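Notes to accompany the following structure.
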Amino acid sequence: MCVAAFGKVTEITGKNALVSFRGALKEVSVALLPEVGIGDTVVVHAGFATEIVSDPRKIYRDVVTTDAYARQLLDTIEKENKRLFEPELKIMNFCGTHENTIVQYSLRDLVPCNIQLISGPGCPVCVTPEEEIAMGLQAARREHVILTTFGDLLRVPTRWGSLEQLRLEGTDVKIVYDISQALDIAKNTKSQVVHFAVGFETTAPGTASVIQAAGNIDNFSIVSSHRITPPAMAYVLQNSQMDMLLCPGHVAMVIGTEPFDLLVKKYGIPCVICGFEPVDILQAILQALLRRGRGGDSVINQYEYVVKKSGNLLANQLIGETFTLKDASWRGVGVLPESRLVLNNRYSRFDAEAKFGLRMPQRGEVARGTCLCGDVLQGMKPQLCPNFGGACTPDNPVGPCMVTNEGACSIAYMNSASA
Ligand code: SF4
C-alpha cells in the first residue's frame with residue numbers, strides 16, 4: 001500500500017482526475033491538491049494525489065543519466081556516431097508509445113545532436129480518417145442504436161462533429177475499455193449495439209475473438225477501422241527519407257519478425273523491432289547505428305525477450321479467420337493498399353456498414369481545415385503547428401494528435417506544459 005507513483009494528469013472532473021501512469025489511465029482523487037492542472041505530474045499514494053512535481057523532467061531524465069547501463073549505451077552511441085561521421089541521421093519511431101518514452105525521458109536531448117528522433121504515423125486513433133469516423137456518427141444518430149467505442153476516439157473532432165458532442169446532445173454513445181463490454185451491452189438490451197473498432201494488429205485479435213464468440217446475436221455489429229502496420233511502414237521507408245526505423249515491438253509480438261524482414265530486404269534501410277523502456281530505445285538506436293552502412297537483409301530484434309520469430313500464432317489465426325484486407329485511407333498518408341481489416345464473408349452479418357447502409361463521404365467532401373496532424377504524422381514537430389498550445393490543447397483538441405495519449409501533439413504538450 002505504501003507506494004508512491006508518478007503520473008500525469010490528463011483530465012480533471014471535480015475532485016477527481018484521470019492520471020496516466022505511462023499510458024495506463026487511473027482515476028485518483030485530487031481533493032488534496034486544489035491547484036492541480038491538466039499536464040501536471042503528481043505523486044499518487046493510495047488513490048490520492050498528494051503533491052505536484054515541480055520539475056518532472058528531472059525524474060525521468062535522471063532515471064536515464066544515473067543508470068550505469070543507460071550511460072554506457074549513450075557513450076557507445078556517441079562513439080558509433082563519431083565513426084559514422086554523418087551530418088544528419090534521421091531515425092523515425094513508428095509508434096506513439098515510443099514517442100512517449102522518448103519525450104518523457106528526454107532521449108532527444110541525450111543522444112548526439114545530429115541524430116534526429118522523428119515521430120511517425122503509429123497512433124491508430126490519429127491515422128483513422130474523419131470520413132471513417134463519419135460512419136460512426138451516422139450509426140450513432142440512428143434510432144435505437146447504442147454506439148460504443150474507446151474514450152480516445154470519442155473526442156476526435158471531425159467536420160461533422162465528434163461522438164462526444166453527440167453524447168452531450170443525448171445520443172446513446174458509450175465508452176468501453178474493450179470490445180467484450182460492447183457485446184455484453186448487446187446481450188442486455190433490445191437496441192442495436194454498434195462498436196467502432198480501431199487499432200492495429202495488437203487490438204484486432206480481441207475484436208476477432210469477440211466477433212467469433214458473438215454467435216447468433218443479431219443486435220451487435222462493428223465498424224472496423226482496424227489497420228495493419230506493414231503498409232504504413234513501407235510507405236515511410238519509401239517516402240520519408242529516413243535513415244533508420246524503429247518498429248513497434250507490440251505489433252511484432254503479434255505478427256512476428258518476418259513482415260519486417262521483407263521490408264528491410266525491399267528497402268535496404270536498417271529497421272529495429274524495439275521495446276518501450278528507455279534502455280530498449282537506446283539499445284535499438286545503437287543497433288541501428290551499428291547496422292548502418294554494413295548491410296544486412298533482416299530486421300534487428302532488440303525486443304527479443306518478448307518478440308518471437310513467429311509472433312502469436314493464435315492471434316494471427318483469429319485475425320486471418322475473421323477479417324479480410326481492403327485498401328484504406330490513412331490520415332496524412334493517403335490510401336494504402338490492403339491496409340484495413342474488414343470482416344470477411346463468414347462474419348459479414350456483424351458488419352455495421354452493410355447492416356445500416358453507412359456511407360463514407362467521398363474524399364472530395366473532406367476538408368483539410370487548419371489542423372496539421374497529417375504533417376505531424378509524417379514527422380513534423382507538433383510545436384510548428386500554429387494551433388499548438390493556443391487554439392489546440394488536450395482540453396480543446398483541434399485534431400486527433402492532441403486527443404490521445406499516443407498522439408505526438410498531446411505528448412509534446414503534456415511534457416512541455418509542466419516542464
Ligand atoms: S497542434 Fe492540434 S491542430 Fe496542430 S497538428 Fe496537432 S492536433 Fe492538429
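Naming works like this for the C-alpha cells: A, B, ... for the chains as they're shown, residue 1 at the start of each chain, ligands 1 onward in shown order.
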Would you mind listing the residues within 8 Å of ligand 1, counting only C-alpha atoms and all ligand atoms, as JSON, numbers by chain?
{"A": [370, 371, 372, 373, 374, 375, 376, 382, 383, 384, 385, 386, 387, 388, 389, 391, 392, 393, 397, 398, 399, 400, 401, 402, 403, 408, 409, 410]}
How close does each residue of segment 197-276 of chain A get to segment 351-357 of chain A, giving the shortest atom pair and distance in Å to one decimal for every residue with an atom at most 7 Å away, counting only C-alpha atoms, sorted by chain and residue number, as a tab-separated table?
```
residue	atom	partner	partner_atom	distance
A:Ser221	CA	A:Ala352	CA	5.1
A:Ile222	CA	A:Ala352	CA	5.1
A:Val223	CA	A:Ala352	CA	5.5
```
Serialized selection, C-alpha atoms, as a compact mmCIF listing (two decimals), in the first residue's frame:
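Generated file (out-v5.txt):
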```
# COMPACT_ATOMS: atom_id res chain seq x y z
CA SER A 221 -22.15 -5.20 -35.23
CA ILE A 222 -18.96 -3.27 -35.78
CA VAL A 223 -17.45 -0.58 -37.96
```
Set the distance at 10 Å and use only C-alpha atoms: which residues neighbour segment 56-58 of chain A once local chain neighbours fewer than 5 positions away are removed? I'd like the list as a PDB file with C-alpha atoms, in the first residue's frame.
```
ATOM      1  CA  PHE A   6       4.346   9.368 -10.549  1.00  0.00           C
ATOM      2  CA  GLY A   7       1.628  10.052 -13.088  1.00  0.00           C
ATOM      3  CA  LYS A   8       0.461  12.795 -15.409  1.00  0.00           C
ATOM      4  CA  ASP A  40       0.852  18.354 -14.064  1.00  0.00           C
ATOM      5  CA  THR A  41       2.890  15.407 -12.892  1.00  0.00           C
ATOM      6  CA  VAL A  42       1.663  14.296  -9.480  1.00  0.00           C
ATOM      7  CA  VAL A  63      16.463   7.684 -14.475  1.00  0.00           C
ATOM      8  CA  VAL A  64      18.481   7.532 -17.678  1.00  0.00           C
ATOM      9  CA  THR A  65      21.511   9.622 -16.798  1.00  0.00           C
ATOM     10  CA  VAL A 103       9.798  12.705 -24.796  1.00  0.00           C
ATOM     11  CA  GLN A 104       9.241  11.729 -21.189  1.00  0.00           C
ATOM     12  CA  TYR A 105      12.844  10.597 -20.665  1.00  0.00           C
ATOM     13  CA  SER A 106      14.335  13.445 -22.737  1.00  0.00           C
ATOM     14  CA  ASN A 415       5.520  17.262 -21.408  1.00  0.00           C
ATOM     15  CA  SER A 416       6.079  20.941 -22.126  1.00  0.00           C
ATOM     16  CA  SER A 418       4.640  21.122 -16.832  1.00  0.00           C
ATOM     17  CA  ALA A 419       8.332  21.346 -17.668  1.00  0.00           C
TER      18      ALA A 419
END
```
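Atom pair atom CA of Gly120 of chain A / atom CA of Gly379 of chain A has a distance of 5.5 Å (rounded to one decimal).
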Fewer than 4 positions away in the same chain doesn't count, so skip those; otherwise give me all residues within 8 Å of segment 162-167 of chain A, counting only C-alpha atoms, as a list in words.
Gly136, Leu137, Ala140, Arg141, Leu153, Leu154, Arg155, Val156, Pro157, Thr158, Thr171, Asp172, Val173 and Lys174 of chain A
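Put simply, atom CA of Phe94 of chain A is 7.2 Å away from atom CA of Leu245 of chain A.
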Residue neighbourhood segment 267-275 of chain A, 9 Å, only C-alpha atoms, exclusion window fewer than 4 positions, as a PyMOL selection string
chain A and resi 98+234+237-238+242-250+252+257+260-263+279-281+283-285+287-289+291-292+295-304+306-307
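Across the structure, atom CA of Trp160 of chain A and atom CA of Pro129 of chain A are spaced 12.4 Å apart.
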As a VMD selection string, please: all residues of segment 214-392 of chain A that backbone DSSP puts in alpha helix (DSSP H).
chain A and resid 230 to 239 249 to 255 258 to 267 278 to 291 313 to 322 352 to 356 373 to 376
Output of the above residues as a PDB file, in the first residue's frame, restricted to C-alpha atoms:
```
ATOM      1  CA  PRO A 230       3.439  -3.075 -42.656  1.00  0.00           C
ATOM      2  CA  PRO A 231       1.851  -0.995 -45.477  1.00  0.00           C
ATOM      3  CA  ALA A 232       2.380   2.182 -43.436  1.00  0.00           C
ATOM      4  CA  MET A 233       5.952   1.208 -42.642  1.00  0.00           C
ATOM      5  CA  ALA A 234       6.567   0.528 -46.328  1.00  0.00           C
ATOM      6  CA  TYR A 235       5.178   3.991 -47.064  1.00  0.00           C
ATOM      7  CA  VAL A 236       7.535   5.576 -44.525  1.00  0.00           C
ATOM      8  CA  LEU A 237      10.557   3.675 -45.850  1.00  0.00           C
ATOM      9  CA  GLN A 238       9.724   4.609 -49.423  1.00  0.00           C
ATOM     10  CA  ASN A 239       8.749   8.245 -48.972  1.00  0.00           C
ATOM     11  CA  GLY A 249       7.550  -4.118 -30.508  1.00  0.00           C
ATOM     12  CA  HIS A 250       3.962  -4.899 -29.529  1.00  0.00           C
ATOM     13  CA  VAL A 251       2.874  -5.275 -33.165  1.00  0.00           C
ATOM     14  CA  ALA A 252       5.861  -7.556 -33.796  1.00  0.00           C
ATOM     15  CA  MET A 253       4.816  -9.547 -30.743  1.00  0.00           C
ATOM     16  CA  VAL A 254       1.643 -10.419 -32.680  1.00  0.00           C
ATOM     17  CA  ILE A 255       2.787 -10.651 -36.313  1.00  0.00           C
ATOM     18  CA  GLU A 258       9.020 -11.911 -40.978  1.00  0.00           C
ATOM     19  CA  PRO A 259       6.904  -8.980 -42.258  1.00  0.00           C
ATOM     20  CA  PHE A 260       9.660  -6.664 -41.052  1.00  0.00           C
ATOM     21  CA  ASP A 261      12.361  -8.781 -42.750  1.00  0.00           C
ATOM     22  CA  LEU A 262      10.528  -8.301 -46.038  1.00  0.00           C
ATOM     23  CA  LEU A 263      10.592  -4.526 -45.569  1.00  0.00           C
ATOM     24  CA  VAL A 264      14.321  -4.494 -44.839  1.00  0.00           C
ATOM     25  CA  LYS A 265      15.011  -6.689 -47.888  1.00  0.00           C
ATOM     26  CA  LYS A 266      12.942  -4.414 -50.119  1.00  0.00           C
ATOM     27  CA  TYR A 267      14.117  -1.010 -48.909  1.00  0.00           C
ATOM     28  CA  PRO A 278      14.280   3.997 -22.291  1.00  0.00           C
ATOM     29  CA  VAL A 279      17.106   1.443 -22.431  1.00  0.00           C
ATOM     30  CA  ASP A 280      15.205  -0.511 -25.105  1.00  0.00           C
ATOM     31  CA  ILE A 281      15.139   2.578 -27.270  1.00  0.00           C
ATOM     32  CA  LEU A 282      18.791   3.438 -26.620  1.00  0.00           C
ATOM     33  CA  GLN A 283      19.776  -0.143 -27.433  1.00  0.00           C
ATOM     34  CA  ALA A 284      17.729  -0.023 -30.632  1.00  0.00           C
ATOM     35  CA  ILE A 285      19.342   3.257 -31.717  1.00  0.00           C
ATOM     36  CA  LEU A 286      22.771   1.744 -31.103  1.00  0.00           C
ATOM     37  CA  GLN A 287      21.892  -1.408 -33.037  1.00  0.00           C
ATOM     38  CA  ALA A 288      20.615   0.673 -35.959  1.00  0.00           C
ATOM     39  CA  LEU A 289      23.837   2.722 -35.977  1.00  0.00           C
ATOM     40  CA  LEU A 290      25.940  -0.454 -35.900  1.00  0.00           C
ATOM     41  CA  ARG A 291      23.983  -1.809 -38.871  1.00  0.00           C
ATOM     42  CA  LEU A 313       0.038 -17.848 -33.721  1.00  0.00           C
ATOM     43  CA  LEU A 314      -3.406 -17.835 -32.106  1.00  0.00           C
ATOM     44  CA  ALA A 315      -3.762 -14.060 -32.500  1.00  0.00           C
ATOM     45  CA  ASN A 316      -2.785 -14.309 -36.175  1.00  0.00           C
ATOM     46  CA  GLN A 317      -5.171 -17.183 -36.707  1.00  0.00           C
ATOM     47  CA  LEU A 318      -8.043 -15.163 -35.244  1.00  0.00           C
ATOM     48  CA  ILE A 319      -7.247 -12.207 -37.495  1.00  0.00           C
ATOM     49  CA  GLY A 320      -6.967 -14.479 -40.551  1.00  0.00           C
ATOM     50  CA  GLU A 321     -10.240 -16.269 -39.818  1.00  0.00           C
ATOM     51  CA  THR A 322     -12.260 -13.120 -39.216  1.00  0.00           C
ATOM     52  CA  ALA A 352     -22.445  -2.351 -39.423  1.00  0.00           C
ATOM     53  CA  GLU A 353     -21.611  -0.581 -42.680  1.00  0.00           C
ATOM     54  CA  ALA A 354     -23.707  -3.036 -44.682  1.00  0.00           C
ATOM     55  CA  LYS A 355     -26.342  -3.523 -41.986  1.00  0.00           C
ATOM     56  CA  PHE A 356     -27.144   0.197 -41.632  1.00  0.00           C
ATOM     57  CA  CYS A 373      -1.983  16.318 -37.965  1.00  0.00           C
ATOM     58  CA  GLY A 374      -1.285  14.903 -41.417  1.00  0.00           C
ATOM     59  CA  ASP A 375       2.125  16.588 -41.362  1.00  0.00           C
ATOM     60  CA  VAL A 376       2.732  15.667 -37.723  1.00  0.00           C
TER      61      VAL A 376
END
```
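With only C-alpha atoms as the atoms that count, the residue of A:Lys381, A:Arg227, A:Arg108, A:Lys308 with the shortest distance to Thr324 of chain A is A:Arg227.
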Mind the document's chain letters and residue numbers, and return as number ranges by chain the residues of segment 38-85 of chain A that DSSP labels strand (DSSP E).
A: 41-45, 48-52
Next, the residues of the selection above should be written as a compact mmCIF listing (two decimals), in the first residue's frame with N, CA and C atoms.
```
# COMPACT_ATOMS: atom_id res chain seq x y z
N THR A 41 2.48 16.72 -13.37
CA THR A 41 2.89 15.41 -12.89
C THR A 41 2.67 15.38 -11.38
N VAL A 42 1.99 14.36 -10.91
CA VAL A 42 1.66 14.30 -9.48
C VAL A 42 2.20 13.00 -8.87
N VAL A 43 2.40 13.06 -7.56
CA VAL A 43 2.75 11.86 -6.83
C VAL A 43 1.46 11.29 -6.26
N VAL A 44 1.18 10.04 -6.59
CA VAL A 44 -0.09 9.43 -6.15
C VAL A 44 0.22 8.35 -5.12
N HIS A 45 -0.55 8.42 -4.05
CA HIS A 45 -0.34 7.47 -2.97
C HIS A 45 -1.70 6.98 -2.49
N PHE A 48 -4.77 8.84 -3.76
CA PHE A 48 -4.82 10.30 -3.63
C PHE A 48 -3.57 10.92 -4.23
N ALA A 49 -3.74 11.95 -5.04
CA ALA A 49 -2.60 12.75 -5.50
C ALA A 49 -2.21 13.64 -4.34
N THR A 50 -0.93 13.56 -3.94
CA THR A 50 -0.55 14.28 -2.71
C THR A 50 0.41 15.45 -2.97
N GLU A 51 1.04 15.50 -4.13
CA GLU A 51 1.92 16.63 -4.42
C GLU A 51 2.12 16.78 -5.92
N ILE A 52 2.37 18.03 -6.35
CA ILE A 52 2.69 18.28 -7.76
C ILE A 52 4.21 18.33 -7.88
```
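Remark: for Ala139 of chain A, the closest of the candidate residues A:Phe85, A:Val28, A:Leu358, A:Asn405 is A:Leu358 (distances computed over only C-alpha atoms).
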Residues of segment 58-125 of chain A that approach segment 148-152 of chain A to 12 Å or less, counting only C-alpha atoms: could you list each one with the shortest pair of atoms and its distance in Å to one decimal, rows by chain and increasing residue number, as a tab-separated table?
```
residue	atom	partner	partner_atom	distance
A:Cys123	CA	A:Asp152	CA	11.0
A:Pro124	CA	A:Asp152	CA	10.2
A:Val125	CA	A:Asp152	CA	7.1
```
Expected file: the selected residues, C-alpha atoms, as a CSV table (one decimal), in the first residue's frame:
```
chain,number,residue,atom,x,y,z
A,123,CYS,CA,-1.1,6.1,-33.5
A,124,PRO,CA,-4.2,4.2,-34.5
A,125,VAL,CA,-6.7,6.9,-33.4
```
Neighbouring residues of Thr13 of chain A were defined as those with any atom within 12 Å, considering only C-alpha atoms; residues of the same chain fewer than 4 positions away were excluded. Please report them as number ranges by chain.
A: 9, 17-19, 27-31, 34, 36-38, 395
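Minimum atom-to-atom distance to Gly215 of chain A, evaluated using only C-alpha atoms, belongs to A:Phe350 out of A:Lys309, A:Leu377, A:Ile411, A:Phe350.
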